[in-house]
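Undergrad: Just dropping this structure here.
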Amino acid sequence: MSRLTNRLPEWLKRWEWILVILILAVFWVFSSQQPDNYTLSKLLNQTRVYMVDVGFMALGMLTVLILGDIDISVAATAALSATVMAVSYNQGSGIPFEAAIALMLITGAVCGLINGLLVTRFSELFPMIITLSTQTLYRGIAYIILKDQSSGRFPAWFSKDLGYGAMSILGLDVPIMLVCFLAVLPAFYIWLHKTASGRRIFAAGTNLTASRYSGVRTGRIKLAVFTLNGLMAAVGGFFLTSRTGSVKYTIATGFEMQAIAIAVLGGASTSGGRGSVVGLLLALVLMTGLKNGLMLVYNDAFILNLSIGLLLILIVLIPNLTGELRRRSAVRRQRLSLQKA
Amino acid sequence: MPEQAKKNSAFSALLKHREVGLAAILVVLFLLVGLRNLAFTTGPNALFIMEDTAIMIILALGMLCVLLVGSIDISISAIMALSTMTAGIVMKQYLTITETQAMVNGAMTSMTLRESTPLVLIILIGMGVGALSGAMNGALIAYGRVLPIVATLGMQYILYGLSHVISDGQAVYRKDMPDAFINLSRENLLGLNSKIWIMLAVFLLVFLFLTYSRRGRYLYAVGSSPEAAAMSGIRIQRSRLLAHVIMGALAGLAGLLYASRDTKITQDMAMSYEMYVIAACVIGGVSVSGGRGKALGVVLGALTIGVINNALTMLRLTGNSEFWKKAIQGALILMAVVTNVLIQRAKERRVLKDRRI
């Protein structure tokens with residue numbers, strides 16, 4: 001077995017293939033069980049719920065994870081920036097919706113920037129602790145602004161066309177927000193994997209000290225990455241709002257964990273230096289397929305979460321265990337050959 | 001010159017124990033709030049804060065063990081939910097209600113006696129399920145080499161799901177609980193609430209374990225340098241497992257107290273409580289990278305959060321303090337953590353200065 005895996009070319013041994021196999025397995029199982037309900041067009045319809053808003057947050061989270069940091073406050077950032085957008089449009093005197101969107105993006109970026117400043121200025125503190133506190137802070141501010149109310153009068157193009165509109169591609173109704181997300185992905189891929197500034201994030205995440213000594217401005221990169229993450233969280237909140245049609249301070253609760261889970265499933269490591277946009281997209285597809293199928297079969301959010309937890313652990317555990325076994329057998333073989341000699 | 005040296009040494013001796021600094025922050029905070037609302041600084045209120053924070057302290061002491069070995073557990077609220085739900089189902093199953101008529105002060109009164117499995121057994125079940133969940137976490141982290149945050153994140157989903165599956169979506173209410181369990185958090189002894197007594201007992205045990213027992217010291221060794229600990233013959237994976245088992249068992253205990261206090265067990269009980277617990281540890285001077293932290297510091301850290309929570313309710317900053325409370329909480333925790341770092345930096349600078357001469 002190990003001899004076989006050694007002979008495989010490097011590109012075939014990538015993590016993404018495991019995800020592809022899992023996706024095919026999930027699709028095959030559910031579509032044979034529920035042939036009427038588990039169809040491509042219905043799946044595409046559900047990408048609004050399971051893929052787009054979390055996907056944007058996961059993209060931001062991916063860059064943070066590659067740095068070896070973590071950001072718990074993304075969901076709160078999304079809630080706060082969506083709140084700012086809704087309130088400034090609905091209660092502001094004649095603020096156009098475009099300006100409200102700009103305000104929302106600025107809010108997200110500022111939230112991220114604050115995280116970044118705290119993380120770089122207080123390097124003794126772990127990003128997890130800092131973003132845990134800012135999480136309560138951001139959601140608290142959203143709470144102060146909106147109280148228990150919800151705010152939800154938006155232009156029709158936002159809540160109807162963007163939220164529920166679809167465009168016909170190859171005879172399939174593809175949600176417009178999915179098209180938006182898929183349009184961002186290639187740009188993100190090229191930036192993260194093919195440009196110098198993207199590769200510097202990987203360098204800083206692999207070895208911060210070495211990168212700093214080789215002239216990478218790690219502090220500035222961290223600031224930029226956290227700001228970008230805040231911005232992506234705001235974009236996620238934007239699409240979430242267009243789908244739900246109203247904003248409360250509680251929106252997107254728990255999304256930070258989903259974003260982390262998707263990035264990790266996609267091959268990112270919380271210890272930094274690893275992660276890929278392609279893996280993230282595959283993880284999103286896998287999650288969408290799985291969640292949709294499980295909801296069809298069980299119709300129970302708790303079972304859904306249970307399965308996702310199991311999947312997350314197994315998918316990280318199995319390569320670790322096989323790696324460990326391989327290492328042990330290598331040691332044993334070495335010992336045997338030493339004994340012979 | 002000698003005078004300055006003396007002053008320096010006194011100051012640094014004080015700074016050496018960061019718990020002293022933390023206690024000072026706590027007292028100042030307490031008095032500052034007292035300036036605005038006199039009722040805050042009374043003895044009963046101090047006791048109330050203590051009682052209110054006891055559950056968080058128990059959890060934070062468990063989290064201390066986990067953080068010491070360089071791990072983290074964000075599944076504790078899910079462990080609380082699952083273990084308490086298991087115990088709750090058992091007590092619901094064996095609940096018997098007997099009504100007796102008795103003459104009290106010359107009048108007939110009916111008394112209902114609600115009995116179920118013995119309280120000891122309920123506590124054992126709760127802590128046992130907690131310890132098992134903790135062992136799962138520990139095994140994944142120690143032997144499966146899954147990163148702690150990923151493993152416990154996954155376990156969080158699984159445990160919440162399990163608590164939903166075993167209870168079939170049904171919550172356990174006061175009517176399903178025996179008297180002994182309801183009174184578990186309401187008993188008073190020598191003027192102190194039972195939660196405080198339990199918390200003190202847990203504190204003492206964890207303190208003795210971490211300070212004087214060999215296995216307790218191993219936790220520090222594993223956290224400060226896993227390689228060195230392994231080289232010196234400590235089975236580091238076993239220590240990691242042990243830390244998670246302790247955390248799980250304490251989460252089970254805390255969950256029972258929580259349920260007894262609220263007289264309600266739901267599937268999503270205590271959701272996102274772990275964040276406060278981790279914050280309490282960090283304020284208490286525990287390093288998230290492992291190897292540093294003391295039981296006393298953790299207690300003080302949790303009390304700081306308790307005082308903040310309580311003060312925000314007492315101060316009534318605006319018409320409805322609930323709105324402000326949520327926002328300010330995060331800011332205050334952040335401030336406490338940052339202050340801690342600044343103190344630490346000042347201390348290190350002082351050490352460097354002393355060395356230069």
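Labeling convention for the structure tokens: chains A, B, ... as they appear, residues from 1 per chain, ligands from 1 in order of appearance.
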Find the nearest atom pair between each residue of stretch 208-297 of chain A and stretch 172-180 of chain A for residues within 10 Å, count only C-alpha atoms, give distances in Å to one decimal, sort rows by chain and ascending number, and present the table as a Markdown table.

TA:
```
| residue | atom | partner | partner_atom | distance |
| --- | --- | --- | --- | --- |
| A:Phe239 | CA | A:Met177 | CA | 7.2 |
| A:Leu240 | CA | A:Met177 | CA | 9.9 |
| A:Ser242 | CA | A:Met177 | CA | 9.2 |
| A:Arg243 | CA | A:Met177 | CA | 9.2 |
```

Undergrad: Check which residues of chain A sit at most 10 Å from chain B using only C-alpha atoms, and return one row each with the closest pair of atoms and their distance in Å to one decimal, ordered by chain and rising number, as a tab-separated table.

TA:
```
residue	atom	partner	partner_atom	distance
A:Leu118	CA	B:Val338	CA	9.1
A:Phe122	CA	B:Val341	CA	7.5
A:Ser123	CA	B:Val341	CA	9.4
A:Glu124	CA	B:Val341	CA	7.2
A:Leu125	CA	B:Val341	CA	7.6
A:Phe126	CA	B:Val288	CA	7.1
A:Met128	CA	B:Val288	CA	9.3
A:Ile129	CA	B:Ala279	CA	6.8
A:Ile130	CA	B:Leu334	CA	6.8
A:Thr131	CA	B:Leu334	CA	9.2
A:Leu132	CA	B:Met275	CA	6.7
A:Ser133	CA	B:Gly330	CA	4.6
A:Thr134	CA	B:Gly330	CA	6.0
A:Gln135	CA	B:Gly330	CA	7.2
A:Thr136	CA	B:Gly330	CA	4.8
A:Leu137	CA	B:Ala327	CA	4.5
A:Tyr138	CA	B:Ala327	CA	7.0
A:Arg139	CA	B:Ala327	CA	6.9
A:Gly140	CA	B:Ala327	CA	3.6
A:Ile141	CA	B:Ala327	CA	5.6
A:Ala142	CA	B:Ala327	CA	8.5
A:Tyr143	CA	B:Phe323	CA	6.1
A:Ile144	CA	B:Phe323	CA	5.3
A:Ile145	CA	B:Phe323	CA	8.9
A:Leu146	CA	B:Phe323	CA	9.4
A:Lys147	CA	B:Phe323	CA	6.7
A:Asp148	CA	B:Phe323	CA	9.1
A:Gly254	CA	B:Ser272	CA	9.4
A:Met257	CA	B:Leu153	CA	7.5
A:Gln258	CA	B:Leu153	CA	9.6
A:Ile260	CA	B:Val150	CA	8.5
A:Ala261	CA	B:Val150	CA	7.6
A:Val264	CA	B:Val150	CA	7.9
A:Leu265	CA	B:Val150	CA	10.0
A:Ser269	CA	B:Leu147	CA	8.4
A:Thr270	CA	B:Leu147	CA	7.4
A:Ser271	CA	B:Leu147	CA	8.1
A:Asp300	CA	B:Gly161	CA	9.7
A:Ala301	CA	B:Gly161	CA	8.5
A:Phe302	CA	B:Gly161	CA	4.7
A:Ile303	CA	B:Gly161	CA	5.7
A:Leu304	CA	B:Gly161	CA	8.0
A:Asn305	CA	B:Tyr157	CA	5.3
A:Leu306	CA	B:Ile158	CA	4.2
A:Ser307	CA	B:Ile158	CA	7.2
A:Ile308	CA	B:Tyr157	CA	7.2
A:Gly309	CA	B:Gly154	CA	4.0
A:Leu310	CA	B:Gly154	CA	6.5
A:Leu311	CA	B:Gly154	CA	8.1
A:Leu312	CA	B:Gly154	CA	5.9
A:Ile313	CA	B:Gly154	CA	5.7
A:Leu314	CA	B:Gly154	CA	9.3
A:Val316	CA	B:Val146	CA	6.5
A:Leu317	CA	B:Gly144	CA	5.9
A:Ile318	CA	B:Gly144	CA	8.3
A:Pro319	CA	B:Gly144	CA	9.6
A:Asn320	CA	B:Arg145	CA	6.5
A:Leu321	CA	B:Gly144	CA	6.3
A:Glu324	CA	B:Gly144	CA	8.9
```

Undergrad: Would you list, as number ranges by chain, the residues of stretch 119-256 of chain B that end up in strand (DSSP E) under DSSP run on this structure's backbone?

TA: B: 172-173, 188-189, 192-193

Undergrad: Residues of the last selection are to be written out with N, CA and C atoms, as a PDB file, in the first residue's frame.

TA:
```
ATOM      1  N   VAL B 172     -35.848  19.133  30.406  1.00  0.00           N
ATOM      2  CA  VAL B 172     -36.197  18.634  31.739  1.00  0.00           C
ATOM      3  C   VAL B 172     -36.515  19.849  32.608  1.00  0.00           C
ATOM      4  N   TYR B 173     -37.713  19.871  33.185  1.00  0.00           N
ATOM      5  CA  TYR B 173     -38.139  21.045  33.951  1.00  0.00           C
ATOM      6  C   TYR B 173     -38.165  20.742  35.450  1.00  0.00           C
ATOM      7  N   ASN B 188     -27.791  25.938  52.521  1.00  0.00           N
ATOM      8  CA  ASN B 188     -26.858  26.856  53.179  1.00  0.00           C
ATOM      9  C   ASN B 188     -26.154  26.146  54.312  1.00  0.00           C
ATOM     10  N   LEU B 189     -24.878  26.427  54.461  1.00  0.00           N
ATOM     11  CA  LEU B 189     -24.108  25.836  55.558  1.00  0.00           C
ATOM     12  C   LEU B 189     -23.203  26.926  56.112  1.00  0.00           C
ATOM     13  N   LEU B 192     -23.014  30.101  54.233  1.00  0.00           N
ATOM     14  CA  LEU B 192     -22.543  30.127  52.859  1.00  0.00           C
ATOM     15  C   LEU B 192     -23.366  29.168  52.014  1.00  0.00           C
ATOM     16  N   ASN B 193     -23.596  29.582  50.786  1.00  0.00           N
ATOM     17  CA  ASN B 193     -24.367  28.752  49.865  1.00  0.00           C
ATOM     18  C   ASN B 193     -23.563  27.507  49.478  1.00  0.00           C
TER      19      ASN B 193
END
```

Undergrad: Using backbone DSSP assignments, extract all alpha helix (DSSP H) residues from stretch 199-285 of chain A; output them as a PyMOL selection string.

TA: chain A and resi 199-206+208-213+218-244+255-265+277-285

Undergrad: Just the number, please: distance in Å from atom CA of A:Gly215 to atom CA of A:Leu231, one decimal.

TA: 26.8 Å
